[in-house]
>>> print(open('upload.cif').read())   # mmCIF, C-alpha atoms
data_query
loop_
_atom_site.label_atom_id
_atom_site.label_comp_id
_atom_site.auth_asym_id
_atom_site.auth_seq_id
_atom_site.Cartn_x
_atom_site.Cartn_y
_atom_site.Cartn_z
CA MET H 1 122.46 112.74 125.86
CA ALA H 2 121.62 110.71 122.75
CA TYR H 3 118.44 109.24 124.24
CA ARG H 4 116.66 108.42 127.48
CA VAL H 5 114.34 105.47 128.16
CA ARG H 6 111.66 105.68 130.84
CA LYS H 7 109.36 102.99 132.18
CA VAL H 8 105.76 104.14 131.79
CA ASN H 9 102.35 102.83 132.72
CA TYR H 10 99.39 102.93 130.42
CA TYR H 11 95.78 101.86 130.17
CA LYS H 12 93.92 100.67 127.14
CA MET H 13 90.24 101.00 126.41
CA THR H 14 87.94 100.11 123.55
CA VAL H 15 85.67 102.66 121.91
CA SER H 16 83.34 102.65 118.92
CA SER H 17 85.03 103.49 115.62
CA ARG H 18 83.02 106.64 115.06
CA ALA H 19 84.03 110.23 114.51
CA GLY H 20 84.47 112.13 117.76
CA GLN H 21 85.22 109.23 120.12
CA ALA H 22 88.88 110.17 120.64
CA GLU H 23 87.90 113.82 120.99
CA LYS H 24 85.53 112.94 123.84
CA VAL H 25 88.25 111.01 125.68
CA LEU H 26 90.89 113.69 125.10
CA GLY H 27 88.46 116.45 126.08
CA ALA H 28 87.72 114.71 129.39
CA ILE H 29 91.46 114.26 130.00
CA LYS H 30 92.05 117.96 129.28
CA GLU H 31 89.21 119.04 131.58
CA ALA H 32 90.61 116.81 134.35
CA GLY H 33 94.03 118.47 133.93
CA ILE H 34 95.83 115.16 133.32
CA ASP H 35 99.24 115.45 131.68
CA MET H 36 99.84 112.78 129.05
CA TYR H 37 103.12 111.38 127.73
CA ALA H 38 101.42 109.85 124.71
CA PHE H 39 98.11 108.86 123.20
CA SER H 40 97.62 106.08 120.68
CA GLY H 41 94.51 104.99 118.84
CA PHE H 42 93.94 102.37 116.17
CA PRO H 43 91.21 100.08 114.81
CA THR H 44 91.01 96.58 116.29
CA LYS H 45 87.98 94.89 114.75
CA ALA H 46 84.83 95.82 112.90
CA GLY H 47 83.35 98.88 114.53
CA LYS H 48 85.85 99.08 117.42
CA SER H 49 89.10 100.91 118.13
CA GLN H 50 91.66 100.72 120.92
CA ILE H 51 92.87 103.81 122.72
CA ASP H 52 96.05 103.74 124.83
CA LEU H 53 96.46 106.41 127.52
CA ILE H 54 100.09 106.83 128.57
CA SER H 55 100.72 109.05 131.59
CA ASP H 56 102.46 109.07 134.95
CA GLU H 57 99.15 110.17 136.52
CA SER H 58 97.68 106.66 136.81
CA ALA H 59 95.44 107.42 139.79
CA ALA H 60 93.94 110.44 138.03
CA ILE H 61 93.24 108.40 134.90
CA ARG H 62 91.55 105.67 136.95
CA ARG H 63 89.40 108.27 138.77
CA LEU H 64 88.39 109.87 135.47
CA ALA H 65 87.60 106.47 133.97
CA LYS H 66 85.34 105.61 136.89
CA LYS H 67 83.58 108.99 136.68
CA SER H 68 83.20 108.67 132.88
CA ASN H 69 82.16 104.99 132.90
CA TRP H 70 85.16 103.98 130.80
CA ARG H 71 86.24 100.35 130.94
CA LEU H 72 90.01 100.51 131.36
CA SER H 73 92.41 97.60 131.26
CA LYS H 74 94.56 96.78 134.24
CA THR H 75 97.76 98.83 134.41
CA LYS H 76 100.08 97.89 131.55
CA LYS H 77 103.71 98.78 130.94
CA ALA H 78 105.63 100.27 128.04
CA PHE H 79 108.73 102.37 127.45
CA LEU H 80 108.95 106.05 126.51
CA VAL H 81 112.10 106.85 124.54
CA GLN H 82 113.13 110.47 123.98
CA GLY H 83 116.28 111.59 122.28
CA ASN H 84 118.22 113.56 119.74
CA ASP H 85 116.88 113.03 116.23
CA GLN H 86 119.51 111.72 113.87
CA ILE H 87 119.66 109.12 111.13
CA GLY H 88 119.42 105.67 112.72
CA ALA H 89 118.36 107.01 116.12
CA ILE H 90 115.78 104.34 116.87
CA HIS H 91 117.84 101.63 115.19
CA LYS H 92 120.14 101.67 118.25
CA ILE H 93 117.22 100.77 120.51
CA PHE H 94 115.97 97.97 118.26
CA LYS H 95 119.50 96.58 117.87
CA LYS H 96 120.04 96.40 121.63
CA LEU H 97 116.81 94.46 122.02
CA ALA H 98 117.46 92.22 119.01
CA ASP H 99 120.96 91.39 120.28
CA GLU H 100 119.30 90.10 123.46
CA LYS H 101 116.61 88.23 121.49
CA ILE H 102 113.85 90.49 122.87
CA ASN H 103 110.98 90.92 120.42
CA VAL H 104 109.34 94.32 120.10
CA THR H 105 105.57 93.89 120.13
CA ALA H 106 104.84 97.38 118.78
CA ALA H 107 106.42 100.82 118.50
CA ASP H 108 105.33 104.31 117.47
CA ALA H 109 108.06 106.86 116.79
CA VAL H 110 107.90 110.43 115.56
CA ALA H 111 110.28 113.31 114.91
CA ALA H 112 109.31 115.98 117.43
CA GLY H 113 111.06 118.90 115.76
CA VAL H 114 114.00 120.98 116.97
CA GLY H 115 116.25 117.92 116.57
CA ARG H 116 114.29 115.64 118.94
CA TYR H 117 112.26 112.43 118.61
CA GLY H 118 109.97 110.39 120.79
CA MET H 119 108.91 106.76 120.73
CA ILE H 120 106.58 104.49 122.66
CA LEU H 121 107.78 100.90 122.64
CA TRP H 122 105.98 97.78 123.81
CA VAL H 123 107.34 94.33 124.65
CA LYS H 124 105.60 91.29 126.12
CA PRO H 125 105.12 91.45 129.91
CA LYS H 126 107.31 88.39 130.50
CA VAL H 127 110.37 90.18 129.03
CA TYR H 128 109.60 93.70 130.27
CA ASN H 129 112.09 93.67 133.17
CA ARG H 130 114.85 92.20 131.01
CA ALA H 131 114.17 94.82 128.32
CA ALA H 132 114.27 97.55 130.99
CA ARG H 133 117.75 96.36 132.03
CA VAL H 134 118.98 96.17 128.44
CA LEU H 135 117.68 99.68 127.71
CA LYS H 136 118.79 101.05 131.10
CA ALA H 137 115.25 102.33 131.58
CA ARG H 138 114.45 104.32 134.72
#
>>> encode(input="upload.cif", output="structure tokens")
Amino acid sequence: MAYRVRKVNYYKMTVSSRAGQAEKVLGAIKEAGIDMYAFSGFPTKAGKSQIDLISDESAAIRRLAKKSNWRLSKTKKAFLVQGNDQIGAIHKIFKKLADEKINVTAADAVAAGVGRYGMILWVKPKVYNRAARVLKAR
């Protein structure tokens, strides 16, 4: 298997851009026993950062958010790509989408060691289903 693409749900939330904010969120997730596929955090505007929580345990994340007074977005969709790490590995994914004129909104990829890589990939909601077909996402 060169790579596998999965449809995943995620939630975004905004936090203050201060030391320890991500640790608080991740600590609560750990204490709740929620398994995560990925976590992403980045600054959005002065004093604020966005955190994306990517997991197949959507109900558990929503319960934790309610308990913790987090303001989560509605459920959003992305793709989780996992595969064998080799030169040009993610190029194949981008080429398939480009050939179909599907724009990638954002992507985060990383070598995972032991010859593997992982990537979270986002497209606009209006092309999500078409991208899922092109990528043969399950």
>>> residues_around(input="upload.cif", residues="region 57-69 of chain H", least_positions_apart="2", cutoff="8 Å", atoms="all atoms listed in the file", output="ChimeraX atom specification")
/H:9-10,28-29,32,34-36,55,71-72
>>> residues_around(input="upload.cif", residues="Gly47 (chain H)", least_positions_apart="4", cutoff="9 Å", atoms="all atoms listed in the file", output="ChimeraX atom specification")
/H:15-18,43
>>> closest_residue(input="upload.cif", among="H:Lys48, H:Arg4, H:Arg130, H:Lys12", to="Lys101 (chain H)", atoms="only C-alpha atoms")
H:Arg130
>>> residues_around(input="upload.cif", residues="Phe79 (chain H)", least_positions_apart="6", cutoff="12 Å", atoms="all atoms listed in the file", output="CSV table (one decimal) with C-alpha atoms, in the frame of the given file")
chain,number,residue,atom,x,y,z
H,4,ARG,CA,116.7,108.4,127.5
H,5,VAL,CA,114.3,105.5,128.2
H,6,ARG,CA,111.7,105.7,130.8
H,7,LYS,CA,109.4,103.0,132.2
H,8,VAL,CA,105.8,104.1,131.8
H,9,ASN,CA,102.4,102.8,132.7
H,10,TYR,CA,99.4,102.9,130.4
H,37,TYR,CA,103.1,111.4,127.7
H,38,ALA,CA,101.4,109.8,124.7
H,54,ILE,CA,100.1,106.8,128.6
H,55,SER,CA,100.7,109.0,131.6
H,56,ASP,CA,102.5,109.1,135.0
H,93,ILE,CA,117.2,100.8,120.5
H,104,VAL,CA,109.3,94.3,120.1
H,105,THR,CA,105.6,93.9,120.1
H,106,ALA,CA,104.8,97.4,118.8
H,107,ALA,CA,106.4,100.8,118.5
H,108,ASP,CA,105.3,104.3,117.5
H,109,ALA,CA,108.1,106.9,116.8
H,118,GLY,CA,110.0,110.4,120.8
H,119,MET,CA,108.9,106.8,120.7
H,120,ILE,CA,106.6,104.5,122.7
H,121,LEU,CA,107.8,100.9,122.6
H,122,TRP,CA,106.0,97.8,123.8
H,123,VAL,CA,107.3,94.3,124.6
H,124,LYS,CA,105.6,91.3,126.1
H,125,PRO,CA,105.1,91.4,129.9
H,128,TYR,CA,109.6,93.7,130.3
H,129,ASN,CA,112.1,93.7,133.2
H,131,ALA,CA,114.2,94.8,128.3
H,132,ALA,CA,114.3,97.6,131.0
H,133,ARG,CA,117.8,96.4,132.0
H,135,LEU,CA,117.7,99.7,127.7
H,136,LYS,CA,118.8,101.0,131.1
H,137,ALA,CA,115.2,102.3,131.6
H,138,ARG,CA,114.4,104.3,134.7
>>> closest_residue(input="upload.cif", among="H:Asp52, H:Gly33, H:Val134, H:Leu80", to="Lys96 (chain H)", atoms="only C-alpha atoms")
H:Val134
>>> axis_aligned_box(input="upload.cif", around="region 62-69 of chain H", padding_each_side="3 Å", output="AutoDock Vina command-line options")
--center_x 86.9 --center_y 107.4 --center_z 135.8 --size_x 15.4 --size_y 10.9 --size_z 11.9
>>> closest_residue(input="upload.cif", among="H:Leu53, H:Met13, H:Ala46, H:Ala19", to="Ala78 (chain H)", atoms="all atoms listed in the file")
H:Leu53
>>> atom_distance(input="upload.cif", atom1="CA of Tyr117 (chain H)", atom2="CA of Gln82 (chain H)")
5.8 Å
>>> closest_residue(input="upload.cif", among="H:Leu97, H:Val81, H:Ile90, H:Ile51", to="Glu23 (chain H)", atoms="all atoms listed in the file")
H:Ile51
>>> atom_distance(input="upload.cif", atom1="CA of Phe94 (chain H)", atom2="CA of Lys45 (chain H)")
28.4 Å
>>> atom_distance(input="upload.cif", atom1="CA of Val127 (chain H)", atom2="CA of Thr75 (chain H)")
16.2 Å
>>> closest_residue(input="upload.cif", among="H:Lys126, H:Ala98, H:Gln86, H:Ser49", to="Ala111 (chain H)", atoms="all atoms listed in the file")
H:Gln86
>>> closest_residue(input="upload.cif", among="H:Thr44, H:Ser73, H:Asn84, H:Gln50", to="Val25 (chain H)", atoms="only C-alpha atoms")
H:Gln50
>>> decode(input="upload.cif", residues="region 9-126 of chain H", atoms="C-alpha atoms", output="PDB file, in the first residue's frame")
ATOM      1  CA  ASN H   9     -14.230  15.099  10.926  1.00  0.00           C
ATOM      2  CA  TYR H  10     -12.735  17.920  12.893  1.00  0.00           C
ATOM      3  CA  TYR H  11     -13.673  20.884  15.026  1.00  0.00           C
ATOM      4  CA  LYS H  12     -11.974  24.214  15.246  1.00  0.00           C
ATOM      5  CA  MET H  13     -11.851  26.561  18.183  1.00  0.00           C
ATOM      6  CA  THR H  14     -10.229  29.887  18.954  1.00  0.00           C
ATOM      7  CA  VAL H  15      -7.999  30.405  21.975  1.00  0.00           C
ATOM      8  CA  SER H  16      -5.845  33.241  23.272  1.00  0.00           C
ATOM      9  CA  SER H  17      -2.310  33.276  21.885  1.00  0.00           C
ATOM     10  CA  ARG H  18      -0.676  32.728  25.254  1.00  0.00           C
ATOM     11  CA  ALA H  19       1.696  30.095  26.527  1.00  0.00           C
ATOM     12  CA  GLY H  20      -0.110  27.051  27.887  1.00  0.00           C
ATOM     13  CA  GLN H  21      -3.396  27.323  25.965  1.00  0.00           C
ATOM     14  CA  ALA H  22      -2.735  24.279  23.765  1.00  0.00           C
ATOM     15  CA  GLU H  23      -1.471  22.356  26.782  1.00  0.00           C
ATOM     16  CA  LYS H  24      -4.762  22.974  28.591  1.00  0.00           C
ATOM     17  CA  VAL H  25      -6.778  21.696  25.633  1.00  0.00           C
ATOM     18  CA  LEU H  26      -4.534  18.679  25.080  1.00  0.00           C
ATOM     19  CA  GLY H  27      -4.488  17.896  28.805  1.00  0.00           C
ATOM     20  CA  ALA H  28      -8.294  17.863  28.907  1.00  0.00           C
ATOM     21  CA  ILE H  29      -8.370  15.613  25.819  1.00  0.00           C
ATOM     22  CA  LYS H  30      -5.871  13.238  27.462  1.00  0.00           C
ATOM     23  CA  GLU H  31      -7.845  13.144  30.719  1.00  0.00           C
ATOM     24  CA  ALA H  32     -11.039  12.399  28.768  1.00  0.00           C
ATOM     25  CA  GLY H  33      -9.277   9.489  27.025  1.00  0.00           C
ATOM     26  CA  ILE H  34     -10.016  10.823  23.531  1.00  0.00           C
ATOM     27  CA  ASP H  35      -7.859   9.384  20.753  1.00  0.00           C
ATOM     28  CA  MET H  36      -6.764  12.000  18.225  1.00  0.00           C
ATOM     29  CA  TYR H  37      -5.720  11.564  14.601  1.00  0.00           C
ATOM     30  CA  ALA H  38      -4.153  15.009  14.490  1.00  0.00           C
ATOM     31  CA  PHE H  39      -3.921  18.358  16.210  1.00  0.00           C
ATOM     32  CA  SER H  40      -3.165  21.638  14.491  1.00  0.00           C
ATOM     33  CA  GLY H  41      -2.669  25.085  15.946  1.00  0.00           C
ATOM     34  CA  PHE H  42      -1.724  28.395  14.355  1.00  0.00           C
ATOM     35  CA  PRO H  43      -2.141  32.140  14.880  1.00  0.00           C
ATOM     36  CA  THR H  44      -5.119  33.795  13.182  1.00  0.00           C
ATOM     37  CA  LYS H  45      -5.145  37.428  14.269  1.00  0.00           C
ATOM     38  CA  ALA H  46      -3.678  39.615  16.967  1.00  0.00           C
ATOM     39  CA  GLY H  47      -3.877  37.757  20.246  1.00  0.00           C
ATOM     40  CA  LYS H  48      -5.823  34.741  18.904  1.00  0.00           C
ATOM     41  CA  SER H  49      -4.973  31.284  17.593  1.00  0.00           C
ATOM     42  CA  GLN H  50      -7.010  28.533  15.965  1.00  0.00           C
ATOM     43  CA  ILE H  51      -6.860  24.957  17.183  1.00  0.00           C
ATOM     44  CA  ASP H  52      -8.141  22.080  15.025  1.00  0.00           C
ATOM     45  CA  LEU H  53      -9.097  18.835  16.776  1.00  0.00           C
ATOM     46  CA  ILE H  54      -9.152  15.887  14.376  1.00  0.00           C
ATOM     47  CA  SER H  55     -10.583  12.639  15.739  1.00  0.00           C
ATOM     48  CA  ASP H  56     -13.148   9.965  14.979  1.00  0.00           C
ATOM     49  CA  GLU H  57     -14.558  10.493  18.488  1.00  0.00           C
ATOM     50  CA  SER H  58     -16.753  13.481  17.576  1.00  0.00           C
ATOM     51  CA  ALA H  59     -19.349  12.904  20.288  1.00  0.00           C
ATOM     52  CA  ALA H  60     -16.658  12.715  22.976  1.00  0.00           C
ATOM     53  CA  ILE H  61     -15.070  15.947  21.756  1.00  0.00           C
ATOM     54  CA  ARG H  62     -18.437  17.717  21.787  1.00  0.00           C
ATOM     55  CA  ARG H  63     -19.141  16.471  25.344  1.00  0.00           C
ATOM     56  CA  LEU H  64     -15.717  17.633  26.524  1.00  0.00           C
ATOM     57  CA  ALA H  65     -16.196  21.012  24.841  1.00  0.00           C
ATOM     58  CA  LYS H  66     -19.519  21.508  26.592  1.00  0.00           C
ATOM     59  CA  LYS H  67     -18.036  20.499  29.961  1.00  0.00           C
ATOM     60  CA  SER H  68     -14.995  22.763  29.405  1.00  0.00           C
ATOM     61  CA  ASN H  69     -16.954  25.729  28.010  1.00  0.00           C
ATOM     62  CA  TRP H  70     -15.105  25.586  24.695  1.00  0.00           C
ATOM     63  CA  ARG H  71     -16.767  27.198  21.700  1.00  0.00           C
ATOM     64  CA  LEU H  72     -16.378  24.632  18.926  1.00  0.00           C
ATOM     65  CA  SER H  73     -17.258  25.107  15.288  1.00  0.00           C
ATOM     66  CA  LYS H  74     -19.830  22.912  13.633  1.00  0.00           C
ATOM     67  CA  THR H  75     -18.422  19.600  12.392  1.00  0.00           C
ATOM     68  CA  LYS H  76     -16.000  20.186   9.529  1.00  0.00           C
ATOM     69  CA  LYS H  77     -14.399  17.737   7.121  1.00  0.00           C
ATOM     70  CA  ALA H  78     -10.849  17.024   6.025  1.00  0.00           C
ATOM     71  CA  PHE H  79      -8.779  14.105   4.762  1.00  0.00           C
ATOM     72  CA  LEU H  80      -6.180  12.071   6.635  1.00  0.00           C
ATOM     73  CA  VAL H  81      -3.535  10.617   4.320  1.00  0.00           C
ATOM     74  CA  GLN H  82      -1.144   7.950   5.599  1.00  0.00           C
ATOM     75  CA  GLY H  83       1.420   6.166   3.518  1.00  0.00           C
ATOM     76  CA  ASN H  84       4.890   4.954   2.748  1.00  0.00           C
ATOM     77  CA  ASP H  85       7.415   7.784   2.867  1.00  0.00           C
ATOM     78  CA  GLN H  86       9.290   8.189  -0.379  1.00  0.00           C
ATOM     79  CA  ILE H  87      10.428  11.078  -2.531  1.00  0.00           C
ATOM     80  CA  GLY H  88       7.369  12.666  -4.139  1.00  0.00           C
ATOM     81  CA  ALA H  89       4.893  10.804  -1.922  1.00  0.00           C
ATOM     82  CA  ILE H  90       2.516  13.707  -1.382  1.00  0.00           C
ATOM     83  CA  HIS H  91       3.024  15.018  -4.911  1.00  0.00           C
ATOM     84  CA  LYS H  92       0.828  12.139  -6.148  1.00  0.00           C
ATOM     85  CA  ILE H  93      -2.063  13.380  -4.021  1.00  0.00           C
ATOM     86  CA  PHE H  94      -1.700  16.998  -5.119  1.00  0.00           C
ATOM     87  CA  LYS H  95      -1.402  15.963  -8.778  1.00  0.00           C
ATOM     88  CA  LYS H  96      -4.617  13.947  -8.658  1.00  0.00           C
ATOM     89  CA  LEU H  97      -6.462  16.940  -7.238  1.00  0.00           C
ATOM     90  CA  ALA H  98      -4.825  19.431  -9.610  1.00  0.00           C
ATOM     91  CA  ASP H  99      -5.692  17.260 -12.621  1.00  0.00           C
ATOM     92  CA  GLU H 100      -9.341  17.541 -11.553  1.00  0.00           C
ATOM     93  CA  LYS H 101      -9.023  21.305 -10.917  1.00  0.00           C
ATOM     94  CA  ILE H 102      -9.614  20.845  -7.168  1.00  0.00           C
ATOM     95  CA  ASN H 103      -7.821  23.464  -5.094  1.00  0.00           C
ATOM     96  CA  VAL H 104      -6.207  22.432  -1.823  1.00  0.00           C
ATOM     97  CA  THR H 105      -7.114  24.950   0.868  1.00  0.00           C
ATOM     98  CA  ALA H 106      -4.413  23.796   3.300  1.00  0.00           C
ATOM     99  CA  ALA H 107      -2.240  20.786   4.087  1.00  0.00           C
ATOM    100  CA  ASP H 108       0.117  19.701   6.858  1.00  0.00           C
ATOM    101  CA  ALA H 109       2.412  16.760   6.142  1.00  0.00           C
ATOM    102  CA  VAL H 110       5.146  15.158   8.204  1.00  0.00           C
ATOM    103  CA  ALA H 111       7.507  12.201   7.958  1.00  0.00           C
ATOM    104  CA  ALA H 112       6.449   9.860  10.753  1.00  0.00           C
ATOM    105  CA  GLY H 113       9.597   7.746  10.859  1.00  0.00           C
ATOM    106  CA  VAL H 114      10.070   4.071  10.017  1.00  0.00           C
ATOM    107  CA  GLY H 115       9.351   4.869   6.355  1.00  0.00           C
ATOM    108  CA  ARG H 116       5.873   6.372   6.926  1.00  0.00           C
ATOM    109  CA  TYR H 117       4.262   9.803   6.525  1.00  0.00           C
ATOM    110  CA  GLY H 118       0.998  11.429   7.460  1.00  0.00           C
ATOM    111  CA  MET H 119      -0.873  14.419   6.099  1.00  0.00           C
ATOM    112  CA  ILE H 120      -4.039  16.338   6.885  1.00  0.00           C
ATOM    113  CA  LEU H 121      -5.519  17.932   3.785  1.00  0.00           C
ATOM    114  CA  TRP H 122      -8.348  20.445   3.521  1.00  0.00           C
ATOM    115  CA  VAL H 123     -10.468  21.434   0.530  1.00  0.00           C
ATOM    116  CA  LYS H 124     -13.501  23.715   0.310  1.00  0.00           C
ATOM    117  CA  PRO H 125     -16.769  22.074   1.440  1.00  0.00           C
ATOM    118  CA  LYS H 126     -18.347  22.445  -2.007  1.00  0.00           C
TER     119      LYS H 126
END
